Amino acid sequence: MIVVNNLTKVYKLSKKQMMEQRTKKNIKRAVNELSLTAKPGEIYGLLGPNGAGKTTALRCIATLLKPTQGDIKVCEFDTVKDSEKVRKKICFLTNEIKLDPQFSPKYMFNFFGKLHGQDDKTIQERREKLFNYFGIKEFEDKKIEELSTGMKQKASIAVSLVHDPDVVIFDEPTNGLDIVTARNVTDYLKLLKKEGKTVIISTHIMSEAEKLCDKIGIIINGNKVIDGSLEDILSSTHTEDLEDAFFELYKLHNKEEA
Amino acid sequence: MSAVKNILVKELTRVFTDKKLVFSLFVMPGLLIMIMYSLMGRLATNMVNDIEKNIPKVYIQNAPEGFDELVSSMGYEAEITPLVLSHNIEDIKADIKSGDVELLVVFEEGFLDKIGAYQNLGDEIPEVKTYYNTAEDYSVAAREKFLNMVLNTYQQQLLAERLGNIEQLQVFYIDKDPQSSIIVDEEKASAKPLSMLLPLLINIMLFSGAMGLGVDAITGEKERGTLSSMLISPIKRSDIVMGKLLSLGILSSLSAVIYTIFTMIGIQRLYGGFEGDADTAMGALGNISFTPIEMIQLLVLLLIVVYLYVSLISLVAVYARTAKEANTYVMPLMIVVMLGSIMTMFSGGTEKGIEYFAIPIYNSAVSLQNLFLGELTMTQFGLTVGTTAFLAAIITVLITKAFNSEKVMFNA
Ligand SMILES: Nc1ncnc2c1ncn2[C@@H]1O[C@H](COP(=O)(O)OP(=O)(O)OP(=O)(O)O)[C@@H](O)[C@H]1O
Ligand SMILES: [Mg+2]
């Protein structure tokens, strides 16, 4: 269970960043008063254009960033006050967090298993299961730096799941994967959902969100402009599919902002 | 605690399974140090040999009668050109300046006559004037040899002629046998030069070992995005910091040991150039003998210094955004460390007030020095260890704070 309550995240910009973003303001409001609830046995999808604030929101949920305002509860634990307990419950996948390139997927899996306090036997069982599922067996002993982007992504996913977390936070999980592997990953997310886990993902891919997510939240410029089931969104925007709905909302809200 | 162990093991594995890293961290600097010292040794001996072999060009103006014979009988080897009194010596001076001629010796007009005519106080005393170039090693050597071998003897000879009995001049002797005059604790005496050098060497070795490693293990990991993978694990930030510091401490101690061994081999080569001295240099090392308590003191001192350096470097490394930035920030630190230990080289020997042992970095160098001289008191030792540990602990807290800061970790 994830409860985000009125989350605002403001980045302070350095002079250099201000120049790069061509702004005179020295702060960037990346997420603005965002509230959402993701329940166990449900996949929540965050949708939004580049720079909307998806990664920022997910990082806050994963305890890596502290909310500027508002608060977040994961499995009843506050992400600031009880961050260590939250980290026990979650796994977080995002493309800025990488596995050590000098080690093999197997070594990394064992290492993080131990960091999560698991015994060798459990680690081995989990490894067999996940490596088989994601087809990592063939390259489990190769150094990560020698793997392709997709292989790395698969290894990262498997390693992040080592401790069988209750809450799964995936930032663009199918990024860089071929269709077969991408399907592999989304199927696994469905499996996790069936097991009663709470899953929250971010994505740009409309078809993925349509097929996979029980609940979709669309963020534009840090603001959540709508959330609900696919049907809810389609009916309230009077559109046929998610892509049309997205464009409708984008036109409406991006104009407002400007 | 087991998290600390896991991280420690991983860090060590990371370094030791990377052949390139092992080579660039341990082998190459060691070899470089050794080669450098050997080269220095070779150059120094070459230079000495060269000067000895060189046959200087010497001009002697207005040489008195019989001087030529004296020069050759003393075995002074030189290409000697005699000059008459009327010769203009300016061109020879110019040659000395340009290094083409080593020495010009000018005897005053009527040299022997004036000596012969000397009777009473106030009578004229003639002069022998030498011209040479202090910027030219050959010239300096040629003059020195000329003074010692030729002129001194000549003076003695003339004195003997004047006085008949030259012993009249000798009121008493000082130390006819200088060797038997020296009463010294061999151990301390031979430890002295080494006690000057070793703290500096140890400090520099420890620091430079920790420098490369620390920047890679912290800033490098931050840059590569591998540090954050640990930050989302359910372990305390302080455990990550401890794991990192411990592994860095172990690795830099190891590299310091390796560097020191190579340095010793290099120094041996260096002294090896000056035949026979090699044994003295190594003998000096053997002569530094420690009591068990001193051994423990040495170990504690080294460990605490490693802890301080590793934490200092880590603090810089954690705040730096890129490895390049980190290296730039570490340089001033390195200079401070070097200054701290170089200062001990020049102030060596003088008794230092207890307050000096409360200055971090400097105190560890002084303590090491005193330890090698067998003069470290328990108070000095305690104060050094105490202040160093205190400072390192504060820095560790700061590092942990930085690990908790999203600004530092995620640039947010
Ligand atoms: N460390 C940072 N410092 C300053 N501003 C930042 C930082 N990280 C992100 N931002 C800004 O915050 C906003 C939201 O970024 P975020 O990464 O959350 O977007 P996103 O929705 O994940 O985009 P994408 O789809 O491209 O991944 C952007 O405008 C970005 O420039
Ligand atoms: Mg993103």
# chains A, B, ... in the order shown; residues from 1 in each chain; ligands from 1
call {"tool": "residues_around", "arguments": {"residues": "B:Met230", "least_positions_apart": "6", "cutoff": "10 Å", "atoms": "only C-alpha atoms", "output": "mmCIF file with C-alpha atoms, in the first residue's frame"}}
result
data_model
loop_
_atom_site.group_PDB
_atom_site.id
_atom_site.type_symbol
_atom_site.label_atom_id
_atom_site.label_comp_id
_atom_site.auth_asym_id
_atom_site.auth_seq_id
_atom_site.Cartn_x
_atom_site.Cartn_y
_atom_site.Cartn_z
ATOM 1 C CA ILE A 97 20.610 3.383 -10.352
ATOM 2 C CA LYS A 98 22.991 0.820 -11.742
ATOM 3 C CA LEU A 99 24.597 -2.434 -10.804
ATOM 4 C CA PHE A 112 21.985 -7.547 -2.290
ATOM 5 C CA LEU A 115 22.264 -6.801 2.447
ATOM 6 C CA ILE B 7 30.173 -4.190 1.849
ATOM 7 C CA LYS B 236 21.987 2.154 7.884
ATOM 8 C CA ARG B 237 23.886 4.832 5.973
ATOM 9 C CA ILE B 240 27.731 1.854 4.236
#
call {"tool": "residues_around", "arguments": {"residues": "stretch 15-27 of chain B", "least_positions_apart": "4", "cutoff": "10 Å", "atoms": "only C-alpha atoms", "output": "PyMOL selection string"}}
result
(chain A and resi 102-103) or (chain B and resi 10-11+31-32+208-210+212-213+217+247+251-252+254-259+262)
call {"tool": "write_last_selection", "arguments": {"atoms": "C-alpha atoms", "output": "PDB file, in the first residue's frame"}}
result
ATOM      1  CA  GLN A 102      32.673  -5.082 -12.587  1.00  0.00           C
ATOM      2  CA  PHE A 103      30.572  -7.814 -11.037  1.00  0.00           C
TER       3      PHE A 103
ATOM      4  CA  LYS B  10      32.459  -6.588  -1.951  1.00  0.00           C
ATOM      5  CA  GLU B  11      34.761  -3.568  -2.064  1.00  0.00           C
ATOM      6  CA  LEU B  31      57.817   0.346  -9.759  1.00  0.00           C
ATOM      7  CA  LEU B  32      57.928   4.052 -10.539  1.00  0.00           C
ATOM      8  CA  SER B 208      48.620   8.794  -1.995  1.00  0.00           C
ATOM      9  CA  GLY B 209      47.445   5.213  -1.615  1.00  0.00           C
ATOM     10  CA  ALA B 210      44.195   6.343  -0.024  1.00  0.00           C
ATOM     11  CA  GLY B 212      43.251   7.134  -5.733  1.00  0.00           C
ATOM     12  CA  LEU B 213      41.232   4.482  -3.982  1.00  0.00           C
ATOM     13  CA  ALA B 217      35.271   4.082  -4.392  1.00  0.00           C
ATOM     14  CA  SER B 247      37.885  -1.320   2.921  1.00  0.00           C
ATOM     15  CA  LEU B 251      43.611  -1.174   0.811  1.00  0.00           C
ATOM     16  CA  SER B 252      45.596   1.966   1.512  1.00  0.00           C
ATOM     17  CA  LEU B 254      48.383  -2.434   1.858  1.00  0.00           C
ATOM     18  CA  SER B 255      49.464  -0.009  -0.808  1.00  0.00           C
ATOM     19  CA  ALA B 256      51.535   1.900   1.751  1.00  0.00           C
ATOM     20  CA  VAL B 257      53.330  -1.310   2.692  1.00  0.00           C
ATOM     21  CA  ILE B 258      54.008  -2.066  -0.957  1.00  0.00           C
ATOM     22  CA  TYR B 259      55.183   1.463  -1.714  1.00  0.00           C
ATOM     23  CA  PHE B 262      59.712  -0.511  -3.199  1.00  0.00           C
TER      24      PHE B 262
END
call {"tool": "residues_near_ligand", "arguments": {"ligand": "ligand 1", "cutoff": "6 Å", "atoms": "only C-alpha atoms and all ligand atoms", "output": "PyMOL selection string"}}
result
(chain A and resi 11+13+30+49-56) or (chain B and resi 411-412)
call {"tool": "interface_residues", "arguments": {"of": "chain A", "to": "chain B", "cutoff": "9 Å", "atoms": "only C-alpha atoms", "output": "ChimeraX atom specification"}}
result
/A:10-13,62-66,83-92,95-103,111-112,114-117
call {"tool": "select_by_dssp", "arguments": {"residues": "stretch 134-203 of chain A", "states": "helix (DSSP H, G or I)", "output": "mmCIF file with C-alpha atoms, in the first residue's frame"}}
result
data_model
loop_
_atom_site.group_PDB
_atom_site.id
_atom_site.type_symbol
_atom_site.label_atom_id
_atom_site.label_comp_id
_atom_site.auth_asym_id
_atom_site.auth_seq_id
_atom_site.Cartn_x
_atom_site.Cartn_y
_atom_site.Cartn_z
ATOM 1 C CA PHE A 134 14.112 -13.648 -17.010
ATOM 2 C CA LYS A 137 21.114 -18.039 -16.537
ATOM 3 C CA GLU A 138 23.263 -17.932 -19.704
ATOM 4 C CA PHE A 139 25.081 -14.778 -18.677
ATOM 5 C CA ILE A 144 27.730 -6.608 -16.113
ATOM 6 C CA GLU A 145 29.825 -4.188 -18.184
ATOM 7 C CA GLU A 146 29.947 -6.841 -20.905
ATOM 8 C CA THR A 149 21.369 -2.748 -22.437
ATOM 9 C CA GLY A 150 18.495 -5.203 -22.337
ATOM 10 C CA MET A 151 20.512 -7.843 -20.492
ATOM 11 C CA LYS A 152 21.532 -5.220 -17.938
ATOM 12 C CA GLN A 153 17.906 -4.174 -17.484
ATOM 13 C CA LYS A 154 16.840 -7.791 -16.942
ATOM 14 C CA ALA A 155 19.629 -8.288 -14.419
ATOM 15 C CA SER A 156 18.632 -5.081 -12.600
ATOM 16 C CA ILE A 157 15.016 -6.220 -12.408
ATOM 17 C CA ALA A 158 15.935 -9.652 -11.078
ATOM 18 C CA VAL A 159 18.373 -8.234 -8.519
ATOM 19 C CA SER A 160 15.869 -5.646 -7.312
ATOM 20 C CA ILE A 179 9.085 -6.966 -27.323
ATOM 21 C CA VAL A 180 9.597 -10.485 -26.047
ATOM 22 C CA THR A 181 11.482 -9.408 -22.949
ATOM 23 C CA ALA A 182 9.183 -6.468 -22.377
ATOM 24 C CA ARG A 183 6.241 -8.855 -22.402
ATOM 25 C CA ASN A 184 8.201 -11.065 -20.035
ATOM 26 C CA VAL A 185 8.519 -8.182 -17.604
ATOM 27 C CA THR A 186 4.899 -7.029 -17.816
ATOM 28 C CA ASP A 187 3.769 -10.627 -17.335
ATOM 29 C CA TYR A 188 5.884 -10.814 -14.220
ATOM 30 C CA LEU A 189 4.319 -7.615 -12.932
ATOM 31 C CA LYS A 190 0.898 -9.227 -13.399
ATOM 32 C CA LEU A 191 2.161 -12.215 -11.466
ATOM 33 C CA LEU A 192 3.272 -9.951 -8.640
ATOM 34 C CA LYS A 193 -0.106 -8.294 -8.639
ATOM 35 C CA LYS A 194 -1.768 -11.704 -8.317
#
call {"tool": "closest_residue", "arguments": {"among": "A:Ser104, A:Ser202, A:Gln69, A:Thr239", "to": "ligand 2", "atoms": "only C-alpha atoms and all ligand atoms"}}
result
A:Ser202
call {"tool": "residues_around", "arguments": {"residues": "A:Val225", "least_positions_apart": "2", "cutoff": "12 Å", "atoms": "only C-alpha atoms", "output": "NGL selection string"}}
result
:A and (31-36 or 46-48 or 52 or 216-223 or 227-228 or 233 or 236-237 or 245-246 or 248-254 or 256-257)
call {"tool": "residues_around", "arguments": {"residues": "B:Phe357", "least_positions_apart": "4", "cutoff": "8 Å", "atoms": "only C-alpha atoms", "output": "list in words"}}
result
Gly353, Tyr362, Asn363, Ser364, Val366, Ser367, Gln380, Leu383 and Thr384 of chain B
call {"tool": "residues_around", "arguments": {"residues": "stretch 205-211 of chain A", "least_positions_apart": "3", "cutoff": "7 Å", "atoms": "only C-alpha atoms", "output": "MDAnalysis selection string"}}
result
chainID A and resid 45 230 242:243
call {"tool": "write_last_selection", "arguments": {"atoms": "C-alpha atoms", "output": "PDB file, in the first residue's frame"}}
result
ATOM      1  CA  GLY A  45       0.673   3.514 -13.755  1.00  0.00           C
ATOM      2  CA  LEU A 230      -8.882   3.320 -17.949  1.00  0.00           C
ATOM      3  CA  LEU A 242      -5.652   6.372 -23.874  1.00  0.00           C
ATOM      4  CA  GLU A 243      -3.478   8.118 -26.453  1.00  0.00           C
TER       5      GLU A 243
END
call {"tool": "closest_residue", "arguments": {"among": "A:Asp164, A:Glu172, A:Glu42, A:Glu240", "to": "ligand 2", "atoms": "only C-alpha atoms and all ligand atoms"}}
result
A:Glu172
call {"tool": "residues_around", "arguments": {"residues": "B:Lys129", "least_positions_apart": "6", "cutoff": "7 Å", "atoms": "only C-alpha atoms", "output": "ChimeraX atom specification"}}
result
/B:105-107
call {"tool": "write_last_selection", "arguments": {"atoms": "all heavy atoms", "output": "tab-separated table (two decimals), in the first residue's frame"}}
result
chain	number	residue	atom	x	y	z
B	105	VAL	N	95.05	30.75	-11.27
B	105	VAL	CA	95.76	31.06	-10.04
B	105	VAL	C	96.78	32.17	-10.34
B	105	VAL	O	97.56	32.05	-11.28
B	105	VAL	CB	96.51	29.82	-9.51
B	105	VAL	CG1	97.17	30.13	-8.17
B	105	VAL	CG2	95.55	28.64	-9.39
B	106	VAL	N	96.71	33.24	-9.55
B	106	VAL	CA	97.60	34.37	-9.81
B	106	VAL	C	98.50	34.61	-8.60
B	106	VAL	O	98.03	34.81	-7.49
B	106	VAL	CB	96.78	35.65	-10.09
B	106	VAL	CG1	97.73	36.83	-10.30
B	106	VAL	CG2	95.90	35.46	-11.31
B	107	PHE	N	99.81	34.50	-8.83
B	107	PHE	CA	100.76	34.84	-7.77
B	107	PHE	C	101.14	36.31	-7.90
B	107	PHE	O	101.41	36.80	-9.00
B	107	PHE	CB	102.02	33.96	-7.90
B	107	PHE	CG	101.80	32.54	-7.45
B	107	PHE	CD1	101.30	31.60	-8.33
B	107	PHE	CD2	102.09	32.17	-6.14
B	107	PHE	CE1	101.08	30.30	-7.92
B	107	PHE	CE2	101.88	30.86	-5.73
B	107	PHE	CZ	101.38	29.91	-6.61
call {"tool": "atom_distance", "arguments": {"atom1": "atom CA of A:Glu140", "atom2": "atom CA of A:Arg127"}}
result
10.0 Å
call {"tool": "closest_residue", "arguments": {"among": "B:Gln179, B:Pro56, B:Tyr118, B:Ala317", "to": "B:Glu144", "atoms": "only C-alpha atoms"}}
result
B:Pro56
call {"tool": "select_by_dssp", "arguments": {"residues": "stretch 9-145 of chain B", "states": "strand (DSSP E or B)", "output": "VMD selection string"}}
result
chain B and resid 57 to 61 79 to 83 103 to 107 128 to 131
call {"tool": "write_last_selection", "arguments": {"atoms": "C-alpha atoms", "output": "PDB file, in the first residue's frame"}}
result
ATOM      1  CA  LYS B  57      92.262  23.344 -17.405  1.00  0.00           C
ATOM      2  CA  VAL B  58      94.257  25.481 -15.016  1.00  0.00           C
ATOM      3  CA  TYR B  59      96.148  28.711 -15.713  1.00  0.00           C
ATOM      4  CA  ILE B  60      98.863  29.766 -13.339  1.00  0.00           C
ATOM      5  CA  GLN B  61     100.188  33.298 -13.650  1.00  0.00           C
ATOM      6  CA  GLU B  79      96.230  20.726 -17.956  1.00  0.00           C
ATOM      7  CA  ILE B  80      98.370  23.548 -16.670  1.00  0.00           C
ATOM      8  CA  THR B  81      99.264  26.579 -18.746  1.00  0.00           C
ATOM      9  CA  PRO B  82     101.756  28.989 -17.228  1.00  0.00           C
ATOM     10  CA  LEU B  83     101.258  32.698 -17.835  1.00  0.00           C
ATOM     11  CA  LEU B 103      90.784  27.625 -12.570  1.00  0.00           C
ATOM     12  CA  LEU B 104      93.106  30.602 -12.695  1.00  0.00           C
ATOM     13  CA  VAL B 105      95.763  31.062 -10.035  1.00  0.00           C
ATOM     14  CA  VAL B 106      97.595  34.373  -9.808  1.00  0.00           C
ATOM     15  CA  PHE B 107     100.763  34.835  -7.769  1.00  0.00           C
ATOM     16  CA  VAL B 128      97.860  33.976  -4.119  1.00  0.00           C
ATOM     17  CA  LYS B 129      94.559  34.692  -5.753  1.00  0.00           C
ATOM     18  CA  THR B 130      92.303  32.051  -7.304  1.00  0.00           C
ATOM     19  CA  TYR B 131      89.513  32.639  -9.784  1.00  0.00           C
TER      20      TYR B 131
END
call {"tool": "atom_distance", "arguments": {"atom1": "atom CA of A:Thr94", "atom2": "atom CA of A:Pro173"}}
result
7.6 Å
call {"tool": "residues_around", "arguments": {"residues": "B:Asn327", "least_positions_apart": "4", "cutoff": "8 Å", "atoms": "only C-alpha atoms", "output": "ChimeraX atom specification"}}
result
/B:215,323,331
call {"tool": "atom_distance", "arguments": {"atom1": "atom CA of A:Gln17", "atom2": "atom CA of B:Lys324"}}
result
19.4 Å
call {"tool": "closest_residue", "arguments": {"among": "A:Ala57, A:Leu147, A:Leu234, A:Leu130", "to": "ligand 2", "atoms": "only C-alpha atoms and all ligand atoms"}}
result
A:Ala57
call {"tool": "closest_residue", "arguments": {"among": "A:Thr198, A:Asn110, A:Phe247, A:Arg59", "to": "ligand 2", "atoms": "only C-alpha atoms and all ligand atoms"}}
result
A:Arg59
